[in-house]
$ cat entry.pdb   # PDB, C-alpha atoms
ATOM      1  CA  MET M   1      94.463 108.654  53.918
ATOM      2  CA  LYS M   2      92.516 110.483  51.189
ATOM      3  CA  LYS M   3      95.767 111.283  49.401
ATOM      4  CA  ILE M   4      96.836 107.645  49.498
ATOM      5  CA  LEU M   5      93.485 106.470  48.048
ATOM      6  CA  ALA M   6      93.717 109.089  45.310
ATOM      7  CA  LEU M   7      97.205 107.926  44.366
ATOM      8  CA  LEU M   8      96.102 104.286  44.237
ATOM      9  CA  MET M   9      93.122 105.103  41.996
ATOM     10  CA  THR M  10      95.360 107.113  39.654
ATOM     11  CA  ALA M  11      97.830 104.219  39.407
ATOM     12  CA  LEU M  12      95.030 101.762  38.595
ATOM     13  CA  LEU M  13      93.674 104.053  35.871
ATOM     14  CA  VAL M  14      97.077 104.420  34.210
ATOM     15  CA  PHE M  15      97.638 100.645  34.326
ATOM     16  CA  SER M  16      94.251  99.998  32.702
ATOM     17  CA  LEU M  17      94.959 102.464  29.855
ATOM     18  CA  VAL M  18      98.354 100.879  29.130
ATOM     19  CA  ALA M  19      96.867  97.359  29.078
ATOM     20  CA  CYS M  20      94.108  98.396  26.632
ATOM     21  CA  ALA M  21      96.616 100.027  24.292
ATOM     22  CA  LYS M  22      98.763  96.872  24.279
ATOM     23  CA  ASP M  23      95.756  94.627  23.489
ATOM     24  CA  ASN M  24      94.740  96.838  20.565
ATOM     25  CA  THR M  25      98.283  96.748  19.142
ATOM     26  CA  GLU M  26      98.456  92.944  19.359
ATOM     27  CA  SER M  27      95.008  92.614  17.757
ATOM     28  CA  THR M  28      96.005  94.841  14.850
ATOM     29  CA  THR M  29      99.277  92.960  14.333
ATOM     30  CA  SER M  30      97.510  89.586  14.428
ATOM     31  CA  SER M  31      94.927  90.783  11.906
ATOM     32  CA  SER M  32      97.649  91.987   9.522
ATOM     33  CA  GLU M  33      99.530  88.693   9.762
ATOM     34  CA  SER M  34      96.340  86.751   9.088
ATOM     35  CA  THR M  35      95.628  88.824   5.975
ATOM     36  CA  ALA M  36      99.194  88.312   4.708
ATOM     37  CA  ASP M  37      98.960  84.545   5.235
ATOM     38  CA  ASN M  38      95.678  84.307   3.313
ATOM     39  CA  THR M  39      97.124  86.301   0.409
ATOM     40  CA  SER M  40     100.262  84.182   0.131
ATOM     41  CA  GLU M  41      98.260  80.930   0.132
ATOM     42  CA  SER M  42      95.663  81.998  -2.428
ATOM     43  CA  ALA M  43      98.090  83.378  -5.032
ATOM     44  CA  PRO M  44      99.707  80.056  -6.068
ATOM     45  CA  GLU M  45      96.289  78.395  -6.324
ATOM     46  CA  SER M  46      95.093  81.073  -8.734
ATOM     47  CA  ALA M  47      98.208  80.703 -10.903
ATOM     48  CA  SER M  48      97.806  76.935 -10.955
ATOM     49  CA  ASN M  49      94.195  77.220 -12.096
ATOM     50  CA  ASN M  50      95.207  79.565 -14.895
ATOM     51  CA  ASP M  51      97.874  77.149 -16.096
ATOM     52  CA  THR M  52      95.406  74.255 -16.196
ATOM     53  CA  SER M  53      92.719  76.165 -18.059
ATOM     54  CA  SER M  54      95.151  77.403 -20.707
ATOM     55  CA  GLU M  55      96.653  73.980 -21.428
ATOM     56  CA  LYS M  56      95.888  72.765 -24.965
ATOM     57  CA  LYS M  57      96.003  69.106 -25.907
ATOM     58  CA  PRO M  58      97.138  68.035 -29.379
ATOM     59  CA  LEU M  59      95.042  66.257 -31.995
ATOM     60  CA  ILE M  60      96.124  62.874 -33.393
ATOM     61  CA  ILE M  61      94.641  62.221 -36.834
ATOM     62  CA  TYR M  62      95.256  58.841 -38.405
ATOM     63  CA  PHE M  63      94.161  56.445 -41.133
ATOM     64  CA  SER M  64      94.842  52.782 -40.456
ATOM     65  CA  ALA M  65      94.167  49.984 -42.933
ATOM     66  CA  THR M  66      95.355  46.999 -40.894
ATOM     67  CA  GLY M  67      95.589  48.411 -37.354
ATOM     68  CA  SER M  68      99.324  49.145 -37.185
ATOM     69  CA  THR M  69      98.989  52.918 -37.534
ATOM     70  CA  LYS M  70      96.036  52.934 -35.144
ATOM     71  CA  LYS M  71      98.178  51.254 -32.497
ATOM     72  CA  VAL M  72     100.913  53.899 -32.809
ATOM     73  CA  ALA M  73      98.311  56.683 -32.707
ATOM     74  CA  GLU M  74      96.883  55.236 -29.493
ATOM     75  CA  TYR M  75     100.364  55.056 -27.958
ATOM     76  CA  ILE M  76     100.837  58.747 -28.760
ATOM     77  CA  ALA M  77      97.493  59.647 -27.206
ATOM     78  CA  GLU M  78      98.332  57.699 -24.038
ATOM     79  CA  GLU M  79     101.707  59.398 -23.734
ATOM     80  CA  ILE M  80     100.669  63.027 -24.328
ATOM     81  CA  GLY M  81      96.952  62.953 -23.528
ATOM     82  CA  GLY M  82      95.889  64.009 -27.014
ATOM     83  CA  ARG M  83      92.573  63.462 -28.760
ATOM     84  CA  LEU M  84      92.260  60.743 -31.422
ATOM     85  CA  TYR M  85      90.491  61.258 -34.743
ATOM     86  CA  GLU M  86      90.237  58.379 -37.237
ATOM     87  CA  VAL M  87      89.946  59.026 -40.960
ATOM     88  CA  VAL M  88      87.398  56.532 -42.311
ATOM     89  CA  PRO M  89      86.615  55.972 -46.015
ATOM     90  CA  GLU M  90      82.964  55.733 -47.038
ATOM     91  CA  GLU M  91      83.860  52.388 -48.565
ATOM     92  CA  GLU M  92      86.229  50.785 -46.100
ATOM     93  CA  TYR M  93      89.076  48.586 -47.296
ATOM     94  CA  THR M  94      88.747  44.822 -46.958
ATOM     95  CA  SER M  95      91.596  42.330 -46.812
ATOM     96  CA  ASP M  96      90.993  41.539 -50.487
ATOM     97  CA  ASP M  97      91.153  45.261 -51.314
ATOM     98  CA  LEU M  98      94.576  45.409 -49.671
ATOM     99  CA  ASN M  99      96.077  42.519 -51.618
ATOM    100  CA  TRP M 100      99.083  44.232 -53.207
ATOM    101  CA  ASN M 101      99.955  41.104 -55.195
ATOM    102  CA  ASP M 102      96.629  41.097 -57.006
ATOM    103  CA  LYS M 103      96.733  43.508 -59.961
ATOM    104  CA  ASN M 104      92.941  43.707 -59.887
ATOM    105  CA  SER M 105      92.631  44.517 -56.170
ATOM    106  CA  ARG M 106      91.311  47.903 -55.150
ATOM    107  CA  VAL M 107      94.629  49.353 -53.973
ATOM    108  CA  SER M 108      96.399  48.077 -57.104
ATOM    109  CA  ARG M 109      93.828  49.749 -59.354
ATOM    110  CA  GLU M 110      94.036  52.979 -57.326
ATOM    111  CA  HIS M 111      97.810  52.894 -57.522
ATOM    112  CA  ASP M 112      97.792  52.442 -61.292
ATOM    113  CA  ASP M 113      95.123  55.105 -61.867
ATOM    114  CA  GLU M 114      95.787  58.305 -59.867
ATOM    115  CA  THR M 115      92.260  59.583 -60.537
ATOM    116  CA  LEU M 116      90.989  56.827 -58.237
ATOM    117  CA  ARG M 117      93.112  58.011 -55.301
ATOM    118  CA  THR M 118      90.720  60.786 -54.247
ATOM    119  CA  VAL M 119      88.909  58.617 -51.723
ATOM    120  CA  LYS M 120      85.507  59.697 -50.412
ATOM    121  CA  LEU M 121      85.534  59.852 -46.613
ATOM    122  CA  LYS M 122      82.691  59.510 -44.125
ATOM    123  CA  GLU M 123      83.639  62.934 -42.781
ATOM    124  CA  THR M 124      86.435  65.466 -43.132
ATOM    125  CA  THR M 125      85.404  67.988 -40.474
ATOM    126  CA  VAL M 126      86.986  67.743 -37.022
ATOM    127  CA  PRO M 127      84.944  69.261 -34.147
ATOM    128  CA  ASP M 128      86.696  72.330 -32.673
ATOM    129  CA  TRP M 129      89.303  72.155 -35.439
ATOM    130  CA  GLU M 130      90.378  75.757 -34.874
ATOM    131  CA  SER M 131      91.212  75.082 -31.210
ATOM    132  CA  TYR M 132      94.109  72.716 -32.000
ATOM    133  CA  ASP M 133      97.603  74.197 -32.372
ATOM    134  CA  THR M 134      99.464  70.893 -32.720
ATOM    135  CA  VAL M 135      98.301  68.072 -34.994
ATOM    136  CA  TYR M 136      99.874  64.641 -35.410
ATOM    137  CA  VAL M 137      99.114  62.996 -38.761
ATOM    138  CA  GLY M 138      99.520  59.221 -39.091
ATOM    139  CA  TYR M 139      99.252  56.871 -42.057
ATOM    140  CA  PRO M 140     100.560  53.615 -43.544
ATOM    141  CA  ILE M 141     103.006  53.777 -46.455
ATOM    142  CA  TRP M 142     101.540  52.628 -49.773
ATOM    143  CA  TRP M 143     104.039  52.321 -52.625
ATOM    144  CA  GLY M 144     106.379  54.799 -50.962
ATOM    145  CA  ILE M 145     103.789  57.518 -50.262
ATOM    146  CA  ALA M 146     101.062  58.209 -47.702
ATOM    147  CA  ALA M 147      97.946  56.077 -48.030
ATOM    148  CA  TRP M 148      95.567  58.093 -50.185
ATOM    149  CA  PRO M 149      92.621  58.206 -47.748
ATOM    150  CA  LEU M 150      94.835  60.270 -45.417
ATOM    151  CA  SER M 151      95.947  62.416 -48.357
ATOM    152  CA  SER M 152      92.279  63.065 -49.168
ATOM    153  CA  PHE M 153      91.670  64.257 -45.614
ATOM    154  CA  VAL M 154      94.717  66.520 -45.600
ATOM    155  CA  ALA M 155      93.729  68.121 -48.912
ATOM    156  CA  ALA M 156      90.247  68.887 -47.551
ATOM    157  CA  ASN M 157      91.437  70.880 -44.516
ATOM    158  CA  ASP M 158      93.208  74.150 -43.785
ATOM    159  CA  PHE M 159      96.227  73.637 -41.508
ATOM    160  CA  SER M 160      97.131  77.337 -41.254
ATOM    161  CA  GLY M 161      98.566  78.266 -37.856
ATOM    162  CA  LYS M 162      99.100  74.633 -36.835
ATOM    163  CA  THR M 163     102.264  72.654 -36.154
ATOM    164  CA  VAL M 164     101.943  69.343 -37.992
ATOM    165  CA  ILE M 165     103.923  66.248 -36.954
ATOM    166  CA  PRO M 166     103.694  63.298 -39.385
ATOM    167  CA  PHE M 167     104.274  59.653 -38.515
ATOM    168  CA  CYS M 168     103.819  56.492 -40.538
ATOM    169  CA  THR M 169     104.029  52.717 -40.366
ATOM    170  CA  SER M 170     105.319  50.196 -42.876
ATOM    171  CA  ALA M 171     106.680  46.698 -43.042
ATOM    172  CA  SER M 172     109.883  47.769 -44.799
ATOM    173  CA  SER M 173     109.545  51.106 -46.645
ATOM    174  CA  GLY M 174     110.908  54.297 -45.110
ATOM    175  CA  LEU M 175     109.233  57.684 -44.714
ATOM    176  CA  GLY M 176     110.484  58.760 -48.128
ATOM    177  CA  ASP M 177     108.790  61.836 -49.601
ATOM    178  CA  SER M 178     105.424  60.963 -48.048
ATOM    179  CA  ALA M 179     105.419  63.805 -45.512
ATOM    180  CA  LYS M 180     106.773  66.303 -48.036
ATOM    181  CA  LEU M 181     103.998  65.440 -50.517
ATOM    182  CA  LEU M 182     101.366  65.813 -47.791
ATOM    183  CA  GLU M 183     102.746  69.213 -46.877
ATOM    184  CA  GLU M 184     102.522  70.304 -50.501
ATOM    185  CA  ALA M 185      98.879  69.206 -50.595
ATOM    186  CA  THR M 186      97.866  71.192 -47.500
ATOM    187  CA  LYS M 187      96.770  74.763 -47.095
ATOM    188  CA  GLY M 188      99.275  76.199 -44.621
ATOM    189  CA  GLY M 189     100.770  74.705 -41.477
ATOM    190  CA  THR M 190     104.320  74.256 -40.202
ATOM    191  CA  TRP M 191     105.414  70.682 -40.821
ATOM    192  CA  LEU M 192     108.100  69.066 -38.689
ATOM    193  CA  SER M 193     110.246  66.075 -39.634
ATOM    194  CA  GLY M 194     108.292  62.834 -39.655
ATOM    195  CA  LYS M 195     108.954  59.433 -38.116
ATOM    196  CA  ARG M 196     108.563  55.981 -39.602
ATOM    197  CA  PHE M 197     107.660  53.045 -37.320
ATOM    198  CA  SER M 198     107.638  49.362 -38.127
ATOM    199  CA  SER M 199     104.326  47.526 -38.138
ATOM    200  CA  SER M 200     105.263  46.040 -34.753
ATOM    201  CA  ALA M 201     106.374  49.287 -33.069
ATOM    202  CA  SER M 202     106.329  49.212 -29.261
ATOM    203  CA  LYS M 203     104.988  51.785 -26.840
ATOM    204  CA  ASP M 204     108.534  52.470 -25.604
ATOM    205  CA  GLU M 205     109.692  53.311 -29.132
ATOM    206  CA  VAL M 206     106.861  55.789 -29.538
ATOM    207  CA  ALA M 207     107.507  57.338 -26.124
ATOM    208  CA  SER M 208     111.208  57.743 -26.966
ATOM    209  CA  TRP M 209     110.334  59.581 -30.191
ATOM    210  CA  LEU M 210     107.915  61.885 -28.382
ATOM    211  CA  GLY M 211     110.649  62.677 -25.879
ATOM    212  CA  GLU M 212     112.920  63.755 -28.729
ATOM    213  CA  ILE M 213     110.227  66.081 -30.084
ATOM    214  CA  LYS M 214     109.777  67.778 -26.711
TER     215      LYS M 214
END

$ encode --input "entry.pdb" --output "structure tokens"
Amino acid sequence: MKKILALLMTALLVFSLVACAKDNTESTTSSSESTADNTSESAPESASNNDTSSEKKPLIIYFSATGSTKKVAEYIAEEIGGRLYEVVPEEEYTSDDLNWNDKNSRVSREHDDETLRTVKLKETTVPDWESYDTVYVGYPIWWGIAAWPLSSFVAANDFSGKTVIPFCTSASSGLGDSAKLLEEATKGGTWLSGKRFSSSASKDEVASWLGEIK
């Protein structure tokens, strides 16, 4: 009888040791799997955050005398999420100033006398200018060239290290040499081919052009 009891106790002891070892193995395996799962889930989130923080939005600079160029600039901003910056003369242009048929109107006098084309602006400094890598530059066409208030802004700034994309609006005139002359007036910058829009350009037209650039 004593031998039988001893054998039973030995069997129970061995069974208990085996069960404990199995539990420990399963616990370790479960812990490892949990750690692996957490690592695989957190990695993509970190990469996504880095991508968002490093994204840079472009700057859209424009001068608009009648609102046509402003409209195109706003379409661009809506499409690409850029920041708008309006070039504003200290003495803003009135409808009488813009009367091309009047030889005594402001724009006619400025056209005839190039010394009058250096237009004083309310400001020429863009906040965080250095942070922008891509700059869109918009203007109406005046006598085949860029409206001089925009030219005055361009001449006052250093575009080094920036990609510059010109666009313009006009009732009938094309882009002509307007972008080329602006590039020659700037300090640095890589200028891409420009785009001319009609005064009644649609949002779809602007979006199509932006798609071509991309």

$ residues_around --input "entry.pdb" --residues "Ser170 of chain M" --least-positions-apart "5" --cutoff "8 Å" --atoms "all atoms listed in the file" --output "MDAnalysis selection string"
chainID M and resid 140:141 196:199

$ closest_residue --input "entry.pdb" --among "M:Tyr75, M:Tyr132, M:Tyr139, M:Trp148" --to "His111 of chain M" --atoms "only C-alpha atoms"
M:Trp148

$ closest_residue --input "entry.pdb" --among "M:Asp133, M:Phe159, M:Ala146, M:Val154" --to "Gly174 of chain M" --atoms "all atoms listed in the file"
M:Ala146

$ resolve_selection --input "entry.pdb" --expression "the PyMOL selection byres ((chain M and resi 164-169) around 10)" --output "PyMOL selection string"
chain M and resi 58-64+67-73+133-142+145-147+159-163+170-175+178-180+182-183+188-201+213

$ closest_residue --input "entry.pdb" --among "M:Leu121, M:Ile76, M:Leu116, M:Val107" --to "Glu90 of chain M" --atoms "only C-alpha atoms"
M:Leu121

$ closest_residue --input "entry.pdb" --among "M:Lys56, M:Lys214, M:Arg83, M:Lys187" --to "Pro127 of chain M" --atoms "all atoms listed in the file"
M:Arg83

$ atom_distance --input "entry.pdb" --atom1 "atom CA of Val126 of chain M" --atom2 "atom CA of Gly211 of chain M"
26.6 Å

$ residues_around --input "entry.pdb" --residues "Leu98 of chain M" --least-positions-apart "2" --cutoff "12 Å" --atoms "all atoms listed in the file" --output "PyMOL selection string"
chain M and resi 64-66+92-96+100-111+140+142+147

$ atom_distance --input "entry.pdb" --atom1 "atom CA of Asp97 of chain M" --atom2 "atom CA of Gly144 of chain M"
18.0 Å

$ axis_aligned_box --input "entry.pdb" --around "segment 199-208 of chain M" --padding-each-side "6 Å" --output "lines of an AutoDock Vina configuration file"
center_x = 107.8
center_y = 51.9
center_z = -31.9
size_x = 18.9
size_y = 23.7
size_z = 24.5

$ atom_distance --input "entry.pdb" --atom1 "atom CA of Phe153 of chain M" --atom2 "atom CA of Arg117 of chain M"
11.6 Å
